[in-house]
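Pasting coords-v3.cif here (mmCIF, C-alpha atoms and all ligand atoms):
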```cif
data_input
#
loop_
_atom_site.label_atom_id
_atom_site.label_comp_id
_atom_site.auth_asym_id
_atom_site.auth_seq_id
_atom_site.Cartn_x
_atom_site.Cartn_y
_atom_site.Cartn_z
CA MET W 1 -1.63 9.36 -25.52
CA HIS W 2 1.08 11.93 -25.02
CA PHE W 3 4.53 10.93 -24.00
CA VAL W 4 7.10 13.24 -22.61
CA ILE W 5 10.76 12.56 -22.43
CA PHE W 6 12.01 14.14 -19.29
CA SER W 7 15.13 14.46 -17.29
CA CYS W 8 15.97 15.84 -13.89
CA GLN W 9 15.79 19.42 -15.07
CA LEU W 10 12.29 19.02 -16.41
CA LEU W 11 10.94 17.48 -13.30
CA GLY W 12 12.51 19.05 -10.27
CA PHE W 13 12.23 16.58 -7.43
CA LEU W 14 11.51 13.57 -9.56
CA ARG W 15 14.80 12.17 -10.65
CA VAL W 16 14.26 9.05 -12.58
CA PHE W 17 17.36 6.97 -12.79
CA ALA W 18 17.91 5.04 -15.91
CA PHE W 19 20.62 2.48 -15.92
CA SER W 20 21.08 1.71 -19.55
CA GLN W 21 19.53 4.78 -21.08
CA ALA W 22 19.78 8.48 -20.42
CA TYR W 23 16.09 9.17 -20.75
CA ILE W 24 12.98 7.28 -19.84
CA GLN W 25 9.60 7.65 -21.41
CA ILE W 26 6.79 8.21 -18.99
CA SER W 27 3.30 9.12 -20.06
CA GLN W 28 2.14 12.60 -19.15
CA GLU W 29 -0.89 11.06 -17.48
CA TYR W 30 1.23 8.87 -15.19
CA LEU W 31 3.54 11.75 -14.45
CA ASN W 32 0.59 13.91 -13.42
CA ASP W 33 -0.69 11.16 -11.15
CA ILE W 34 2.71 10.92 -9.47
CA LEU W 35 2.88 14.68 -8.98
CA ILE W 36 -0.61 14.80 -7.49
CA ASP W 37 0.14 11.91 -5.16
CA ARG W 38 3.36 13.61 -4.06
CA ALA W 39 1.60 16.94 -3.47
CA GLN W 40 -1.01 15.22 -1.38
CA ASP W 41 1.56 13.50 0.78
CA ARG W 42 3.24 16.85 1.34
CA ALA W 43 -0.07 18.54 2.16
CA ALA W 44 -0.33 16.26 5.19
CA GLY W 45 2.62 18.20 6.61
CA GLU W 46 5.76 16.92 8.23
CA TYR W 47 5.32 13.81 10.28
CA ASN W 48 7.50 10.95 11.37
CA TYR W 49 7.30 7.60 13.16
CA ASP W 50 9.35 8.53 16.24
CA TYR W 51 6.31 7.73 18.42
CA ASN W 52 4.48 5.53 15.90
CA GLY W 53 1.90 8.25 15.41
CA ASP W 54 1.01 8.83 19.05
CA ASP W 55 2.16 12.45 18.65
CA TRP W 56 0.08 13.15 15.53
CA THR W 57 -2.64 15.74 16.08
CA GLY W 58 -6.14 16.54 14.83
CA LEU W 59 -8.31 13.68 13.71
CA CYS W 60 -5.40 11.29 14.31
CA GLN W 61 -5.82 12.07 18.01
CA ILE W 62 -9.57 12.62 18.41
CA GLY W 63 -11.03 10.35 15.72
CA GLN W 64 -13.23 7.50 16.90
CA SER W 65 -12.92 5.29 13.81
CA GLN W 66 -9.18 5.08 13.44
CA SER W 67 -6.86 2.44 11.99
CA PRO W 68 -5.07 0.13 12.42
CA ILE W 69 -6.86 -2.11 14.93
CA ASP W 70 -6.56 -5.59 16.35
CA LEU W 71 -8.56 -8.01 14.20
CA LEU W 72 -9.92 -10.79 16.38
CA TYR W 73 -11.55 -13.88 14.94
CA ASP W 74 -13.57 -14.48 18.11
CA ASP W 75 -15.02 -10.95 18.14
CA ALA W 76 -15.64 -10.67 14.41
CA ILE W 77 -19.09 -10.98 12.87
CA LYS W 78 -18.87 -14.09 10.71
CA ASN W 79 -20.85 -13.46 7.61
CA ASN W 80 -20.38 -15.76 4.68
CA THR W 81 -22.91 -13.86 2.60
CA ILE W 82 -20.38 -11.05 2.15
CA PRO W 83 -19.31 -11.38 -1.48
CA ARG W 84 -15.74 -12.08 -2.44
CA ILE W 85 -13.61 -9.17 -3.57
CA GLN W 86 -13.76 -9.05 -7.36
CA PHE W 87 -10.58 -7.94 -9.08
CA HIS W 88 -11.07 -6.20 -12.40
CA HIS W 89 -8.17 -5.74 -14.84
CA TYR W 90 -5.85 -6.93 -12.07
CA GLY W 91 -4.34 -9.47 -14.44
CA GLU W 92 -3.62 -6.98 -17.24
CA SER W 93 -0.09 -5.71 -17.68
CA LEU W 94 0.42 -2.19 -16.40
CA ARG W 95 1.98 0.49 -18.49
CA THR W 96 5.63 0.61 -17.70
CA PRO W 97 7.90 1.84 -16.38
CA LEU W 98 6.48 1.90 -12.89
CA VAL W 99 8.02 4.50 -10.62
CA LEU W 100 8.95 3.49 -7.06
CA MET W 101 9.65 6.39 -4.70
CA ASN W 102 10.99 7.00 -1.21
CA ASN W 103 8.70 9.79 -0.01
CA GLY W 104 10.20 9.84 3.48
CA HIS W 105 7.38 7.80 4.98
CA THR W 106 7.32 4.68 2.85
CA ALA W 107 8.27 3.12 -0.46
CA ASN W 108 5.40 4.23 -2.67
CA MET W 109 4.32 3.29 -6.16
CA VAL W 110 1.62 5.21 -8.00
CA ILE W 111 -0.15 2.73 -10.27
CA PRO W 112 -0.60 3.67 -13.93
CA PRO W 113 -3.39 2.34 -16.14
CA THR W 114 -2.96 -0.98 -17.90
CA ARG W 115 -1.53 -1.25 -21.39
CA THR W 116 -5.03 -1.07 -22.78
CA GLY W 117 -5.78 2.07 -20.80
CA GLN W 118 -7.88 0.43 -18.07
CA ARG W 119 -7.71 1.41 -14.45
CA PRO W 120 -7.69 -1.78 -12.38
CA PHE W 121 -10.53 -1.68 -9.84
CA ILE W 122 -12.20 -3.78 -7.16
CA THR W 123 -15.80 -4.43 -6.18
CA GLY W 124 -17.43 -6.73 -3.63
CA GLY W 125 -16.68 -7.27 0.03
CA LEU W 126 -18.27 -4.48 2.05
CA LEU W 127 -17.80 -2.10 -0.87
CA ARG W 128 -20.61 -0.45 -2.72
CA GLY W 129 -19.46 0.67 -6.12
CA GLU W 130 -16.19 0.51 -7.96
CA TYR W 131 -12.86 1.42 -6.42
CA GLU W 132 -9.93 2.19 -8.73
CA VAL W 133 -6.40 1.37 -7.72
CA GLN W 134 -4.27 4.43 -6.99
CA SER W 135 -1.07 3.42 -5.29
CA VAL W 136 0.76 0.74 -3.35
CA HIS W 137 3.03 1.20 -0.34
CA PHE W 138 4.49 -0.71 2.57
CA HIS W 139 4.87 -0.57 6.35
CA TRP W 140 7.77 -2.37 7.96
CA GLY W 141 9.66 -2.82 11.20
CA SER W 142 13.31 -3.16 12.07
CA ASN W 143 15.64 -5.87 13.26
CA SER W 144 13.97 -5.65 16.66
CA SER W 145 10.31 -5.22 15.73
CA LYS W 146 7.75 -6.51 13.28
CA GLY W 147 6.23 -3.83 11.10
CA SER W 148 2.63 -4.65 10.22
CA GLU W 149 0.00 -2.10 11.21
CA HIS W 150 -2.97 -4.39 11.77
CA SER W 151 -2.62 -7.34 14.06
CA ILE W 152 -4.61 -10.52 13.55
CA ASN W 153 -5.48 -12.40 16.73
CA PHE W 154 -2.75 -10.33 18.41
CA MET W 155 -0.19 -11.52 15.87
CA ARG W 156 1.81 -8.93 14.01
CA TYR W 157 3.68 -9.60 10.77
CA ASP W 158 6.97 -8.40 9.31
CA VAL W 159 5.60 -6.17 6.55
CA GLU W 160 2.12 -4.94 5.61
CA MET W 161 1.39 -3.85 2.05
CA HIS W 162 -1.45 -1.40 1.34
CA ILE W 163 -3.13 -1.26 -2.05
CA VAL W 164 -5.04 2.02 -2.04
CA HIS W 165 -8.21 2.40 -4.12
CA LYS W 166 -10.48 5.39 -4.70
CA ASN W 167 -14.24 5.27 -5.14
CA ARG W 168 -14.94 6.11 -8.79
CA ARG W 169 -17.69 8.52 -7.82
CA TYR W 170 -15.08 10.95 -6.48
CA GLU W 171 -12.79 12.94 -8.72
CA SER W 172 -9.68 12.98 -6.60
CA MET W 173 -8.07 11.38 -3.59
CA ALA W 174 -8.57 14.68 -1.77
CA GLU W 175 -12.31 14.57 -2.40
CA ALA W 176 -12.54 10.86 -1.67
CA SER W 177 -10.79 11.25 1.68
CA GLN W 178 -13.57 13.58 2.81
CA ASN W 179 -16.19 10.88 2.41
CA ALA W 180 -16.79 7.77 4.50
CA ASP W 181 -17.10 5.66 1.35
CA GLY W 182 -14.21 7.38 -0.39
CA LEU W 183 -11.40 4.86 -0.15
CA ALA W 184 -10.83 1.11 -0.05
CA VAL W 185 -7.51 -0.31 1.06
CA LEU W 186 -6.47 -3.94 0.69
CA ALA W 187 -3.94 -5.01 3.30
CA VAL W 188 -1.60 -7.94 2.65
CA MET W 189 0.80 -9.35 5.24
CA PHE W 190 4.34 -10.53 4.53
CA GLY W 191 6.36 -12.88 6.66
CA ALA W 192 10.07 -13.69 6.54
CA GLN W 193 11.13 -17.07 5.21
CA PRO W 194 14.64 -18.42 5.66
CA GLN W 195 14.98 -19.55 2.03
CA PRO W 196 16.76 -16.87 0.00
CA PHE W 197 14.71 -17.21 -3.17
CA SER W 198 11.29 -15.80 -3.87
CA GLN W 199 8.74 -17.33 -6.16
CA TYR W 200 6.88 -14.05 -6.58
CA TYR W 201 8.08 -12.45 -9.78
CA GLY W 202 6.29 -9.12 -9.42
CA LEU W 203 7.09 -8.56 -5.77
CA ASN W 204 10.68 -9.59 -6.42
CA LYS W 205 11.04 -6.91 -9.03
CA ILE W 206 9.83 -4.27 -6.59
CA PHE W 207 11.97 -5.41 -3.66
CA ASN W 208 15.05 -5.61 -5.88
CA GLN W 209 14.75 -1.89 -6.58
CA LEU W 210 14.60 -0.83 -2.92
CA PRO W 211 18.40 -0.28 -2.71
CA ARG W 212 17.91 2.38 -5.41
CA ILE W 213 15.67 4.51 -3.21
CA VAL W 214 17.59 4.52 0.05
CA GLU W 215 17.71 8.31 0.19
CA TYR W 216 14.65 10.49 0.80
CA ASN W 217 13.00 11.85 -2.33
CA THR W 218 14.70 9.44 -4.67
CA ASN W 219 12.91 7.20 -7.08
CA THR W 220 13.60 4.51 -9.57
CA THR W 221 11.79 2.63 -12.27
CA ILE W 222 10.82 -1.00 -12.21
CA PRO W 223 11.74 -2.84 -15.37
CA GLY W 224 9.63 -5.54 -16.93
CA GLN W 225 5.94 -6.17 -17.09
CA LEU W 226 3.93 -6.11 -13.92
CA ASN W 227 0.27 -6.54 -13.18
CA MET W 228 -1.68 -5.96 -9.98
CA ALA W 229 -2.48 -9.64 -9.47
CA GLN W 230 1.22 -10.39 -9.06
CA LEU W 231 1.28 -8.25 -5.93
CA LEU W 232 -1.18 -10.60 -4.24
CA GLY W 233 1.13 -13.59 -4.55
CA ASN W 234 -1.02 -16.67 -4.11
CA ILE W 235 -2.93 -15.64 -1.00
CA ILE W 236 -6.45 -16.92 -0.39
CA VAL W 237 -8.46 -13.83 -1.33
CA GLY W 238 -11.79 -15.39 -0.33
CA VAL W 239 -10.95 -15.05 3.36
CA PHE W 240 -10.69 -11.60 4.89
CA TYR W 241 -11.54 -9.21 7.71
CA SER W 242 -13.31 -5.98 6.80
CA TYR W 243 -14.25 -2.86 8.76
CA ASN W 244 -14.58 0.90 8.45
CA GLY W 245 -11.57 2.90 9.55
CA SER W 246 -9.09 5.55 8.59
CA LEU W 247 -5.89 6.31 6.78
CA THR W 248 -3.00 5.29 9.04
CA THR W 249 -1.05 8.45 8.16
CA PRO W 250 -1.96 12.12 8.75
CA ASP W 251 -4.57 13.46 8.35
CA CYS W 252 -5.96 10.05 9.36
CA ALA W 253 -9.14 10.67 7.34
CA GLU W 254 -11.96 8.32 8.33
CA ALA W 255 -12.69 7.39 4.75
CA VAL W 256 -11.38 3.86 4.43
CA THR W 257 -13.14 0.53 4.07
CA TRP W 258 -10.42 -1.88 5.08
CA THR W 259 -10.11 -5.39 3.70
CA VAL W 260 -7.34 -7.28 5.48
CA PHE W 261 -6.33 -10.73 4.25
CA PRO W 262 -5.11 -13.00 7.05
CA ASP W 263 -3.23 -15.25 4.64
CA VAL W 264 0.46 -14.38 4.59
CA ILE W 265 2.94 -14.07 1.73
CA ASN W 266 6.29 -15.50 2.73
CA ILE W 267 9.25 -13.67 1.26
CA PRO W 268 12.99 -14.01 1.86
CA GLU W 269 14.27 -12.18 4.90
CA ARG W 270 16.87 -10.45 2.73
CA HIS W 271 14.03 -8.60 0.97
CA ILE W 272 12.52 -7.46 4.25
CA MET W 273 15.94 -6.19 5.35
CA LYS W 274 16.08 -3.98 2.25
CA PHE W 275 13.21 -1.90 3.63
CA TRP W 276 15.23 -1.16 6.77
CA GLN W 277 17.94 0.56 4.73
CA LEU W 278 15.68 3.40 3.60
CA LYS W 279 16.09 6.86 5.15
CA ASP W 280 13.61 9.60 5.94
CA SER W 281 13.82 13.33 5.19
CA ARG W 282 16.14 13.83 8.18
CA GLY W 283 18.54 11.24 6.88
CA THR W 284 17.70 8.91 9.76
CA PRO W 285 16.70 5.29 9.20
CA LEU W 286 13.13 4.91 8.00
CA ILE W 287 12.24 1.98 10.20
CA ASN W 288 9.18 0.97 12.21
CA ASN W 289 6.91 3.06 9.97
CA TYR W 290 3.75 1.58 11.41
CA ARG W 291 1.10 3.29 13.51
CA THR W 292 0.10 2.14 17.00
CA ILE W 293 -3.02 -0.03 17.28
CA GLN W 294 -6.14 2.14 17.75
CA ASP W 295 -9.30 1.58 19.80
CA THR W 296 -11.95 -0.37 17.93
CA ASN W 297 -14.67 1.61 19.79
CA GLN W 298 -17.37 -1.01 19.26
CA ARG W 299 -17.05 -0.88 15.49
CA PRO W 300 -18.29 -4.01 13.76
CA VAL W 301 -15.49 -6.08 12.25
CA TYR W 302 -16.63 -8.62 9.69
CA TYR W 303 -15.00 -11.89 8.82
CA ARG W 304 -15.60 -13.65 5.55
CA GLY W 305 -14.36 -17.18 5.23
CA VAL W 306 -15.19 -20.78 5.59
CA SER W 307 -13.36 -21.46 8.78
CA SER W 308 -10.36 -20.23 10.68
CA LEU W 309 -9.03 -23.78 10.29
CA PHE W 310 -8.14 -23.01 6.71
CA LEU W 311 -5.82 -20.16 7.66
ZN ZN W 401 -0.43 2.36 4.60
#
```
Would you mind writing the file's structure down as structure tokens?
Amino acid sequence: MHFVIFSCQLLGFLRVFAFSQAYIQISQEYLNDILIDRAQDRAAGEYNYDYNGDDWTGLCQIGQSQSPIDLLYDDAIKNNTIPRIQFHHYGESLRTPLVLMNNGHTANMVIPPTRTGQRPFITGGLLRGEYEVQSVHFHWGSNSSKGSEHSINFMRYDVEMHIVHKNRRYESMAEASQNADGLAVLAVMFGAQPQPFSQYYGLNKIFNQLPRIVEYNTNTTIPGQLNMAQLLGNIIVGVFYSYNGSLTTPDCAEAVTWTVFPDVINIPERHIMKFWQLKDSRGTPLINNYRTIQDTNQRPVYYRGVSSLFL
């Protein structure tokens, strides 16, 4: 494995702030992944959340299998033969440091391989094949609005986290997004709790770094050891909604198998408020970065779980 020691000059836009050291070691592989992810976000062109996506054009406007949607227990096809989502290498420590970035649309984290070089991946649910984790980001509201993208039985939540995975059969995110079976996103809901302390070590570490990426195009590193499983808190992963939809950001590619967990992770309100401090590329508050609910258009929505009583 090759390591590069880099500083601002070596990396243009990517300024990695180190608090106790002048330089940070980041593997060349991880750095490349971050650059590719950044280029892809930029390729989507300028967009903002002034109208929660209602002004986005192209497929975002004319697509018939768009996301997010209302997930309704009563309308869902209950199918308990759908397998559970299997999490592979989710419990293995990731290579650190993880880089958290304000890309103007969200707080985004490209996920590196684990310390043993594995790419965490998922199988099961409605998925056919193996889907490798690529990145994690968040959608949030403001002091006057909740920020989840999906709603569950017409209920919206404070924050929705997306864990983006790519089908292993495709080389790149660009290629995957051109195929209906290209991407798998896990959606996890967060709710505000009045207690100031969080029991979720991994999530805590991420939220604590948000004040470091208030400005557009800034990034920071997350100290300590993290693994993917920590991001799931202790939600019941055996219960979920699943359907075929799209990316919720331009170009709104209809390439996503969505798995949305109705169980909620409760986090301190002070963490949720940290998201509201971020700014977009115009220097205006990056708030309410969720897309409007889209028409389901008769798409089947599946529900896997024992009973809604357990939610
Ligand atoms: Zn998202």
note - atom CA of Gln64 of chain W and atom CA of Ser148 of chain W are separated by 21.1 Å
With a cut-off of 8 Å, could you pull out the residues of segment 119-213 of chain W touching segment 67-85 of chain W and give me the nearest pair of atoms for each, distance in Å to one decimal, using only C-alpha atoms, ordered by chain and ascending number, as a tab-separated table?
```
residue	atom	partner	partner_atom	distance
W:Ile122	CA	W:Ile85	CA	6.6
W:Thr123	CA	W:Ile85	CA	5.8
W:Gly124	CA	W:Ile85	CA	4.5
W:Gly125	CA	W:Ile85	CA	5.1
W:Leu126	CA	W:Ile82	CA	6.9
W:Glu149	CA	W:Pro68	CA	5.7
W:His150	CA	W:Pro68	CA	5.0
W:Ser151	CA	W:Asp70	CA	4.9
W:Ile152	CA	W:Leu71	CA	4.7
W:Asn153	CA	W:Leu72	CA	4.7
W:Phe154	CA	W:Asp70	CA	6.4
```
Go through chain W residue by residue and, counting all atoms listed in the file, keep those with an atom at most 7 Å from ligand ZN 401 (chain W); for each kept residue give the shortest atom pair and its distance in Å to one decimal, ordered by chain and increasing number, as a Markdown table.
```
| residue | atom | partner | partner_atom | distance |
| --- | --- | --- | --- | --- |
| W:His137 | CA | W:ZN401 | ZN | 6.1 |
| W:Phe138 | CA | W:ZN401 | ZN | 6.1 |
| W:His139 | CA | W:ZN401 | ZN | 6.3 |
| W:Met161 | CA | W:ZN401 | ZN | 7.0 |
| W:His162 | CA | W:ZN401 | ZN | 5.1 |
| W:Thr248 | CA | W:ZN401 | ZN | 5.9 |
```
Excluding Gln40 of chain W and residues on its chain fewer than 4 positions from it, collect all residues at most 8 Å away from it, counting all atoms listed in the file, and give them as number ranges by chain.
-> W: 36, 44, 174
Selected residues written out with C-alpha atoms, as a short mmCIF file (atom, residue, chain, number, x, y, z; two decimals), keeping the file's coordinate frame:
```cif
data_model
loop_
_atom_site.label_atom_id
_atom_site.label_comp_id
_atom_site.auth_asym_id
_atom_site.auth_seq_id
_atom_site.Cartn_x
_atom_site.Cartn_y
_atom_site.Cartn_z
CA ILE W 36 -0.61 14.80 -7.49
CA ALA W 44 -0.33 16.26 5.19
CA ALA W 174 -8.57 14.68 -1.77
#
```
Any idea what's packed within 6 Å of Glu269 of chain W, counting all atoms listed in the file, ignoring anything in its chain fewer than 3 positions away? Could you give it as a count of residues only?
-> 3
